[in-house]
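*Asks:* Take a look at the following structure, please.
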Amino acid sequence: MLPNDFPPHESVSYHYYKWIKNGVFERVNIELNKLYRAEVGREETPSALIVDSQTAATSSAGGPAEYDGNKKKKGRKRNIFVDTLGLAGYVFINEANIHDLQGAKAMFMAVNGKENFKRVELVFAA
């Protein structure tokens with residue numbers, strides 16, 4: 001379902017997955033966040049984050065899915081960090097049966113030491 005002026009879907013898919021694997025989209029997101037934060041008069045990196053999660057239903061074709069007993073939904077859970085401007089900082093996907101606290105801890109471990117999170121002093125949990 002790509003527009004007609006795009007290359008064949010195999011080429012688009014190849015480059016998309018290569019960029020995901022190489023962290024291109026993560027780096028682009030970080031740089032765009034820095035630019036926007038500077039534009040609105042903030043430091044380039046946040047000192048506070050907000051963490052929340054959402055359980056999303058998946059189809060059988062979407063891979064393994066687990067049951068979130070709290071939300072009464074089968075699927076996967078998205079844990080996300082946003083800054084106080086609402087800009088996405090990090091998204092972590094795991095099974096829906098993972099407790100929000102465990103998902104947040106896993107996210108903290110994944111971002112530990114990353115340059116764009118070094119100033120963080122405060123995290124709000126939604």
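For the structure tokens, the naming scheme is as follows: chains receive sequential letters (A, B, ...) according to their order of presentation, residues are indexed from 1 within each chain, and ligands are indexed from 1 in presentation order.
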For the alpha helix (DSSP H) assignment from backbone DSSP, which residues of chain A qualify? Please present them as JSON, numbers by chain.

*Replies:* {"A": [9, 10, 11, 12, 13, 14, 15, 16, 17, 18, 19, 20, 21, 22, 24, 25, 26, 27, 28, 29, 30, 31, 32, 33, 34, 35, 36, 37, 38, 39, 100, 101, 102, 103, 104, 105, 106, 107, 108, 109, 110, 111]}

*Asks:* Pull C-alpha atoms from the residues just selected and write them as a PDB file, in the first residue's frame.

*Replies:*
```pdb
ATOM      1  CA  HIS A   9       7.985  -2.626  -0.948  1.00  0.00           C
ATOM      2  CA  GLU A  10      10.910  -5.055  -0.581  1.00  0.00           C
ATOM      3  CA  SER A  11      13.368  -2.152  -0.903  1.00  0.00           C
ATOM      4  CA  VAL A  12      11.427   0.060   1.486  1.00  0.00           C
ATOM      5  CA  SER A  13      11.114  -2.789   3.996  1.00  0.00           C
ATOM      6  CA  TYR A  14      14.826  -3.615   3.741  1.00  0.00           C
ATOM      7  CA  HIS A  15      15.891  -0.040   4.506  1.00  0.00           C
ATOM      8  CA  TYR A  16      13.255   0.417   7.204  1.00  0.00           C
ATOM      9  CA  TYR A  17      14.421  -2.642   9.164  1.00  0.00           C
ATOM     10  CA  LYS A  18      18.080  -1.763   8.595  1.00  0.00           C
ATOM     11  CA  TRP A  19      17.464   1.718  10.034  1.00  0.00           C
ATOM     12  CA  ILE A  20      15.556   0.255  12.997  1.00  0.00           C
ATOM     13  CA  LYS A  21      18.429  -2.149  13.718  1.00  0.00           C
ATOM     14  CA  ASN A  22      21.038   0.632  13.409  1.00  0.00           C
ATOM     15  CA  VAL A  24      18.547   5.663  12.967  1.00  0.00           C
ATOM     16  CA  PHE A  25      14.981   6.454  14.056  1.00  0.00           C
ATOM     17  CA  GLU A  26      16.033   6.736  17.714  1.00  0.00           C
ATOM     18  CA  ARG A  27      18.828   9.177  16.810  1.00  0.00           C
ATOM     19  CA  VAL A  28      16.516  11.247  14.598  1.00  0.00           C
ATOM     20  CA  ASN A  29      13.948  11.423  17.427  1.00  0.00           C
ATOM     21  CA  ILE A  30      16.633  12.548  19.904  1.00  0.00           C
ATOM     22  CA  GLU A  31      17.912  15.280  17.588  1.00  0.00           C
ATOM     23  CA  LEU A  32      14.413  16.548  16.737  1.00  0.00           C
ATOM     24  CA  ASN A  33      13.544  16.652  20.456  1.00  0.00           C
ATOM     25  CA  LYS A  34      16.719  18.645  21.167  1.00  0.00           C
ATOM     26  CA  LEU A  35      15.917  21.125  18.400  1.00  0.00           C
ATOM     27  CA  TYR A  36      12.351  21.626  19.583  1.00  0.00           C
ATOM     28  CA  ARG A  37      13.312  21.953  23.245  1.00  0.00           C
ATOM     29  CA  ALA A  38      15.915  24.618  22.330  1.00  0.00           C
ATOM     30  CA  GLU A  39      13.348  26.412  20.157  1.00  0.00           C
ATOM     31  CA  ASP A 100       3.966  -1.627  35.083  1.00  0.00           C
ATOM     32  CA  LEU A 101       6.720  -1.376  37.706  1.00  0.00           C
ATOM     33  CA  GLN A 102       8.712  -4.171  36.049  1.00  0.00           C
ATOM     34  CA  GLY A 103       8.269  -2.503  32.646  1.00  0.00           C
ATOM     35  CA  ALA A 104       9.445   0.842  34.051  1.00  0.00           C
ATOM     36  CA  LYS A 105      12.500  -0.804  35.627  1.00  0.00           C
ATOM     37  CA  ALA A 106      13.342  -2.458  32.302  1.00  0.00           C
ATOM     38  CA  MET A 107      13.067   0.929  30.582  1.00  0.00           C
ATOM     39  CA  PHE A 108      15.343   2.535  33.175  1.00  0.00           C
ATOM     40  CA  MET A 109      17.911  -0.182  32.529  1.00  0.00           C
ATOM     41  CA  ALA A 110      17.640   0.314  28.753  1.00  0.00           C
ATOM     42  CA  VAL A 111      18.233   4.092  28.937  1.00  0.00           C
TER      43      VAL A 111
END
```

*Asks:* Pick out the residues sitting within 12 Å of A:Val82, and hand them over as a PDB file with all heavy atoms, in the first residue's frame; count only C-alpha atoms, and ignore anything fewer than 5 positions along from it in its own chain.

*Replies:*
```
ATOM      1  N   ASN A  29      14.874  10.960  16.387  1.00  0.00           N
ATOM      2  CA  ASN A  29      13.948  11.423  17.427  1.00  0.00           C
ATOM      3  C   ASN A  29      14.683  12.262  18.471  1.00  0.00           C
ATOM      4  O   ASN A  29      14.204  13.327  18.878  1.00  0.00           O
ATOM      5  CB  ASN A  29      13.249  10.236  18.089  1.00  0.00           C
ATOM      6  CG  ASN A  29      12.222  10.679  19.091  1.00  0.00           C
ATOM      7  OD1 ASN A  29      11.262  11.358  18.751  1.00  0.00           O
ATOM      8  ND2 ASN A  29      12.425  10.318  20.344  1.00  0.00           N
ATOM      9  N   ILE A  30      15.847  11.815  18.902  1.00  0.00           N
ATOM     10  CA  ILE A  30      16.633  12.548  19.904  1.00  0.00           C
ATOM     11  C   ILE A  30      17.001  13.932  19.374  1.00  0.00           C
ATOM     12  O   ILE A  30      16.833  14.940  20.070  1.00  0.00           O
ATOM     13  CB  ILE A  30      17.895  11.747  20.296  1.00  0.00           C
ATOM     14  CG1 ILE A  30      17.504  10.519  21.117  1.00  0.00           C
ATOM     15  CG2 ILE A  30      18.893  12.621  21.058  1.00  0.00           C
ATOM     16  CD1 ILE A  30      18.624   9.498  21.282  1.00  0.00           C
ATOM     17  N   ASN A  33      13.937  16.213  19.108  1.00  0.00           N
ATOM     18  CA  ASN A  33      13.544  16.652  20.456  1.00  0.00           C
ATOM     19  C   ASN A  33      14.460  17.765  20.952  1.00  0.00           C
ATOM     20  O   ASN A  33      13.992  18.762  21.516  1.00  0.00           O
ATOM     21  CB  ASN A  33      13.553  15.480  21.445  1.00  0.00           C
ATOM     22  CG  ASN A  33      12.366  14.566  21.278  1.00  0.00           C
ATOM     23  OD1 ASN A  33      11.471  14.821  20.484  1.00  0.00           O
ATOM     24  ND2 ASN A  33      12.362  13.477  22.026  1.00  0.00           N
ATOM     25  N   THR A  45      18.184  18.527  26.748  1.00  0.00           N
ATOM     26  CA  THR A  45      17.751  17.247  27.299  1.00  0.00           C
ATOM     27  C   THR A  45      16.919  17.498  28.558  1.00  0.00           C
ATOM     28  O   THR A  45      17.161  18.467  29.282  1.00  0.00           O
ATOM     29  CB  THR A  45      18.955  16.342  27.630  1.00  0.00           C
ATOM     30  OG1 THR A  45      19.794  17.013  28.564  1.00  0.00           O
ATOM     31  CG2 THR A  45      19.734  15.987  26.374  1.00  0.00           C
ATOM     32  N   PRO A  46      15.951  16.637  28.833  1.00  0.00           N
ATOM     33  CA  PRO A  46      15.046  16.873  29.959  1.00  0.00           C
ATOM     34  C   PRO A  46      15.670  16.541  31.308  1.00  0.00           C
ATOM     35  O   PRO A  46      16.576  15.716  31.408  1.00  0.00           O
ATOM     36  CB  PRO A  46      13.879  15.921  29.671  1.00  0.00           C
ATOM     37  CG  PRO A  46      14.476  14.822  28.872  1.00  0.00           C
ATOM     38  CD  PRO A  46      15.564  15.452  28.059  1.00  0.00           C
ATOM     39  N   SER A  47      15.142  17.206  32.355  1.00  0.00           N
ATOM     40  CA  SER A  47      15.543  16.883  33.718  1.00  0.00           C
ATOM     41  C   SER A  47      14.431  16.112  34.433  1.00  0.00           C
ATOM     42  O   SER A  47      14.629  15.613  35.527  1.00  0.00           O
ATOM     43  CB  SER A  47      15.879  18.145  34.497  1.00  0.00           C
ATOM     44  OG  SER A  47      14.747  18.981  34.585  1.00  0.00           O
ATOM     45  N   ALA A  48      13.259  16.032  33.799  1.00  0.00           N
ATOM     46  CA  ALA A  48      12.132  15.283  34.369  1.00  0.00           C
ATOM     47  C   ALA A  48      11.445  14.499  33.258  1.00  0.00           C
ATOM     48  O   ALA A  48      11.366  14.955  32.111  1.00  0.00           O
ATOM     49  CB  ALA A  48      11.137  16.231  35.028  1.00  0.00           C
ATOM     50  N   LEU A  49      10.963  13.322  33.601  1.00  0.00           N
ATOM     51  CA  LEU A  49      10.248  12.456  32.661  1.00  0.00           C
ATOM     52  C   LEU A  49       8.939  12.005  33.286  1.00  0.00           C
ATOM     53  O   LEU A  49       8.777  11.991  34.501  1.00  0.00           O
ATOM     54  CB  LEU A  49      11.073  11.212  32.319  1.00  0.00           C
ATOM     55  CG  LEU A  49      12.382  11.410  31.594  1.00  0.00           C
ATOM     56  CD1 LEU A  49      13.112  10.081  31.486  1.00  0.00           C
ATOM     57  CD2 LEU A  49      12.153  12.002  30.215  1.00  0.00           C
ATOM     58  N   ILE A  50       8.040  11.580  32.429  1.00  0.00           N
ATOM     59  CA  ILE A  50       6.777  10.977  32.846  1.00  0.00           C
ATOM     60  C   ILE A  50       6.764   9.574  32.242  1.00  0.00           C
ATOM     61  O   ILE A  50       7.086   9.397  31.068  1.00  0.00           O
ATOM     62  CB  ILE A  50       5.574  11.787  32.332  1.00  0.00           C
ATOM     63  CG1 ILE A  50       5.678  13.220  32.835  1.00  0.00           C
ATOM     64  CG2 ILE A  50       4.263  11.139  32.762  1.00  0.00           C
ATOM     65  CD1 ILE A  50       4.870  14.217  32.045  1.00  0.00           C
ATOM     66  N   VAL A  51       6.431   8.580  33.052  1.00  0.00           N
ATOM     67  CA  VAL A  51       6.389   7.200  32.580  1.00  0.00           C
ATOM     68  C   VAL A  51       4.955   6.697  32.684  1.00  0.00           C
ATOM     69  O   VAL A  51       4.244   6.972  33.642  1.00  0.00           O
ATOM     70  CB  VAL A  51       7.363   6.285  33.363  1.00  0.00           C
ATOM     71  CG1 VAL A  51       7.040   6.241  34.829  1.00  0.00           C
ATOM     72  CG2 VAL A  51       7.390   4.886  32.785  1.00  0.00           C
ATOM     73  N   ASP A  52       4.512   5.985  31.659  1.00  0.00           N
ATOM     74  CA  ASP A  52       3.193   5.378  31.671  1.00  0.00           C
ATOM     75  C   ASP A  52       3.220   4.151  30.771  1.00  0.00           C
ATOM     76  O   ASP A  52       4.191   3.914  30.051  1.00  0.00           O
ATOM     77  CB  ASP A  52       2.139   6.374  31.178  1.00  0.00           C
ATOM     78  CG  ASP A  52       0.719   6.002  31.625  1.00  0.00           C
ATOM     79  OD1 ASP A  52       0.554   4.977  32.333  1.00  0.00           O
ATOM     80  OD2 ASP A  52      -0.219   6.721  31.268  1.00  0.00           O
ATOM     81  N   SER A  53       2.150   3.376  30.823  1.00  0.00           N
ATOM     82  CA  SER A  53       2.069   2.192  29.969  1.00  0.00           C
ATOM     83  C   SER A  53       0.663   2.068  29.409  1.00  0.00           C
ATOM     84  O   SER A  53      -0.289   2.644  29.936  1.00  0.00           O
ATOM     85  CB  SER A  53       2.430   0.924  30.749  1.00  0.00           C
ATOM     86  OG  SER A  53       1.431   0.650  31.698  1.00  0.00           O
ATOM     87  N   LEU A  87       7.120  15.198  24.616  1.00  0.00           N
ATOM     88  CA  LEU A  87       7.925  14.611  23.542  1.00  0.00           C
ATOM     89  C   LEU A  87       8.373  13.214  23.937  1.00  0.00           C
ATOM     90  O   LEU A  87       8.901  13.014  25.031  1.00  0.00           O
ATOM     91  CB  LEU A  87       9.143  15.482  23.256  1.00  0.00           C
ATOM     92  CG  LEU A  87       8.859  16.922  22.844  1.00  0.00           C
ATOM     93  CD1 LEU A  87      10.164  17.713  22.766  1.00  0.00           C
ATOM     94  CD2 LEU A  87       8.112  16.972  21.537  1.00  0.00           C
ATOM     95  N   ALA A  88       8.163  12.264  23.045  1.00  0.00           N
ATOM     96  CA  ALA A  88       8.539  10.876  23.330  1.00  0.00           C
ATOM     97  C   ALA A  88      10.046  10.760  23.467  1.00  0.00           C
ATOM     98  O   ALA A  88      10.803  11.222  22.617  1.00  0.00           O
ATOM     99  CB  ALA A  88       8.040   9.956  22.226  1.00  0.00           C
ATOM    100  N   GLY A  89      10.458  10.146  24.568  1.00  0.00           N
ATOM    101  CA  GLY A  89      11.879   9.947  24.808  1.00  0.00           C
ATOM    102  C   GLY A  89      12.308   8.521  24.568  1.00  0.00           C
ATOM    103  O   GLY A  89      13.379   8.261  24.040  1.00  0.00           O
ATOM    104  N   TYR A  90      11.462   7.573  24.955  1.00  0.00           N
ATOM    105  CA  TYR A  90      11.816   6.168  24.802  1.00  0.00           C
ATOM    106  C   TYR A  90      10.546   5.326  24.880  1.00  0.00           C
ATOM    107  O   TYR A  90       9.674   5.593  25.702  1.00  0.00           O
ATOM    108  CB  TYR A  90      12.798   5.729  25.896  1.00  0.00           C
ATOM    109  CG  TYR A  90      13.518   4.456  25.582  1.00  0.00           C
ATOM    110  CD1 TYR A  90      14.619   4.452  24.738  1.00  0.00           C
ATOM    111  CD2 TYR A  90      13.100   3.249  26.100  1.00  0.00           C
ATOM    112  CE1 TYR A  90      15.289   3.280  24.431  1.00  0.00           C
ATOM    113  CE2 TYR A  90      13.757   2.068  25.804  1.00  0.00           C
ATOM    114  CZ  TYR A  90      14.852   2.092  24.967  1.00  0.00           C
ATOM    115  OH  TYR A  90      15.508   0.925  24.652  1.00  0.00           O
ATOM    116  N   VAL A  91      10.468   4.324  24.032  1.00  0.00           N
ATOM    117  CA  VAL A  91       9.334   3.395  24.041  1.00  0.00           C
ATOM    118  C   VAL A  91       9.892   1.994  24.214  1.00  0.00           C
ATOM    119  O   VAL A  91      10.864   1.620  23.558  1.00  0.00           O
ATOM    120  CB  VAL A  91       8.513   3.481  22.736  1.00  0.00           C
ATOM    121  CG1 VAL A  91       7.376   2.482  22.738  1.00  0.00           C
ATOM    122  CG2 VAL A  91       7.991   4.901  22.523  1.00  0.00           C
ATOM    123  N   PHE A  92       9.282   1.231  25.111  1.00  0.00           N
ATOM    124  CA  PHE A  92       9.735  -0.122  25.415  1.00  0.00           C
ATOM    125  C   PHE A  92       8.524  -1.045  25.287  1.00  0.00           C
ATOM    126  O   PHE A  92       7.499  -0.809  25.918  1.00  0.00           O
ATOM    127  CB  PHE A  92      10.305  -0.145  26.839  1.00  0.00           C
ATOM    128  CG  PHE A  92      11.067  -1.373  27.181  1.00  0.00           C
ATOM    129  CD1 PHE A  92      12.384  -1.515  26.780  1.00  0.00           C
ATOM    130  CD2 PHE A  92      10.486  -2.380  27.921  1.00  0.00           C
ATOM    131  CE1 PHE A  92      13.117  -2.647  27.115  1.00  0.00           C
ATOM    132  CE2 PHE A  92      11.195  -3.516  28.255  1.00  0.00           C
ATOM    133  CZ  PHE A  92      12.516  -3.645  27.848  1.00  0.00           C
ATOM    134  N   PHE A 117      19.477  11.175  28.534  1.00  0.00           N
ATOM    135  CA  PHE A 117      18.804  10.993  29.827  1.00  0.00           C
ATOM    136  C   PHE A 117      19.709  11.321  31.013  1.00  0.00           C
ATOM    137  O   PHE A 117      19.319  11.136  32.152  1.00  0.00           O
ATOM    138  CB  PHE A 117      18.291   9.555  29.967  1.00  0.00           C
ATOM    139  CG  PHE A 117      17.192   9.220  29.005  1.00  0.00           C
ATOM    140  CD1 PHE A 117      17.436   8.457  27.882  1.00  0.00           C
ATOM    141  CD2 PHE A 117      15.901   9.694  29.209  1.00  0.00           C
ATOM    142  CE1 PHE A 117      16.431   8.166  26.988  1.00  0.00           C
ATOM    143  CE2 PHE A 117      14.890   9.412  28.319  1.00  0.00           C
ATOM    144  CZ  PHE A 117      15.151   8.647  27.212  1.00  0.00           C
ATOM    145  N   VAL A 120      18.296  13.716  33.855  1.00  0.00           N
ATOM    146  CA  VAL A 120      17.039  13.369  34.525  1.00  0.00           C
ATOM    147  C   VAL A 120      17.248  13.247  36.026  1.00  0.00           C
ATOM    148  O   VAL A 120      18.107  12.498  36.496  1.00  0.00           O
ATOM    149  CB  VAL A 120      16.439  12.064  33.952  1.00  0.00           C
ATOM    150  CG1 VAL A 120      15.223  11.627  34.748  1.00  0.00           C
ATOM    151  CG2 VAL A 120      16.078  12.256  32.482  1.00  0.00           C
ATOM    152  N   VAL A 123      11.243  11.549  37.994  1.00  0.00           N
ATOM    153  CA  VAL A 123      10.363  10.779  37.115  1.00  0.00           C
ATOM    154  C   VAL A 123       8.986  10.714  37.754  1.00  0.00           C
ATOM    155  O   VAL A 123       8.847  10.325  38.915  1.00  0.00           O
ATOM    156  CB  VAL A 123      10.901   9.347  36.886  1.00  0.00           C
ATOM    157  CG1 VAL A 123       9.936   8.542  36.028  1.00  0.00           C
ATOM    158  CG2 VAL A 123      12.288   9.396  36.242  1.00  0.00           C
ATOM    159  N   PHE A 124       7.984  11.114  36.987  1.00  0.00           N
ATOM    160  CA  PHE A 124       6.596  11.033  37.423  1.00  0.00           C
ATOM    161  C   PHE A 124       5.988   9.773  36.837  1.00  0.00           C
ATOM    162  O   PHE A 124       6.205   9.470  35.668  1.00  0.00           O
ATOM    163  CB  PHE A 124       5.773  12.240  36.921  1.00  0.00           C
ATOM    164  CG  PHE A 124       6.254  13.558  37.431  1.00  0.00           C
ATOM    165  CD1 PHE A 124       7.111  14.328  36.663  1.00  0.00           C
ATOM    166  CD2 PHE A 124       5.844  14.027  38.665  1.00  0.00           C
ATOM    167  CE1 PHE A 124       7.564  15.556  37.113  1.00  0.00           C
ATOM    168  CE2 PHE A 124       6.286  15.244  39.136  1.00  0.00           C
ATOM    169  CZ  PHE A 124       7.138  16.025  38.363  1.00  0.00           C
ATOM    170  N   ALA A 125       5.215   9.037  37.637  1.00  0.00           N
ATOM    171  CA  ALA A 125       4.537   7.839  37.142  1.00  0.00           C
ATOM    172  C   ALA A 125       3.061   8.158  37.019  1.00  0.00           C
ATOM    173  O   ALA A 125       2.427   8.654  37.958  1.00  0.00           O
ATOM    174  CB  ALA A 125       4.743   6.683  38.100  1.00  0.00           C
ATOM    175  N   ALA A 126       2.517   7.928  35.818  1.00  0.00           N
ATOM    176  CA  ALA A 126       1.097   8.219  35.571  1.00  0.00           C
ATOM    177  C   ALA A 126       0.250   6.999  35.883  1.00  0.00           C
ATOM    178  O   ALA A 126       0.693   5.896  35.915  1.00  0.00           O
ATOM    179  CB  ALA A 126       0.900   8.642  34.126  1.00  0.00           C
TER     180      ALA A 126
END
```

*Asks:* Which of these residues is nearest to A:Glu95, using only C-alpha atoms: A:Glu115, A:Lys72, A:Lys77, A:Pro8?

*Replies:* A:Lys77

*Asks:* Using DSSP secondary structure from the backbone, list all strand (DSSP E or B) positions within chain A, as JSON, numbers by chain.

*Replies:* {"A": [48, 49, 50, 51, 52, 53, 54, 55, 56, 57, 66, 67, 68, 73, 74, 75, 76, 77, 78, 79, 80, 81, 82, 83, 88, 89, 90, 91, 92, 93, 94, 95, 122, 123, 124, 125]}

*Asks:* What is the distance, in Å and to one decimal place, between atom CA of A:Thr55 and atom CA of A:Ile80?

*Replies:* 11.5 Å

*Asks:* Work out how far apart atom CA of A:Thr58 and atom CA of A:Phe81 are and give it in Å to one decimal.

*Replies:*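 A separation of 21.9 Å between them.
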
*Asks:* Quick one: distance from atom CA of A:Gln54 to atom CA of A:Ala96 in Å, one decimal?

*Replies:* 8.8 Å
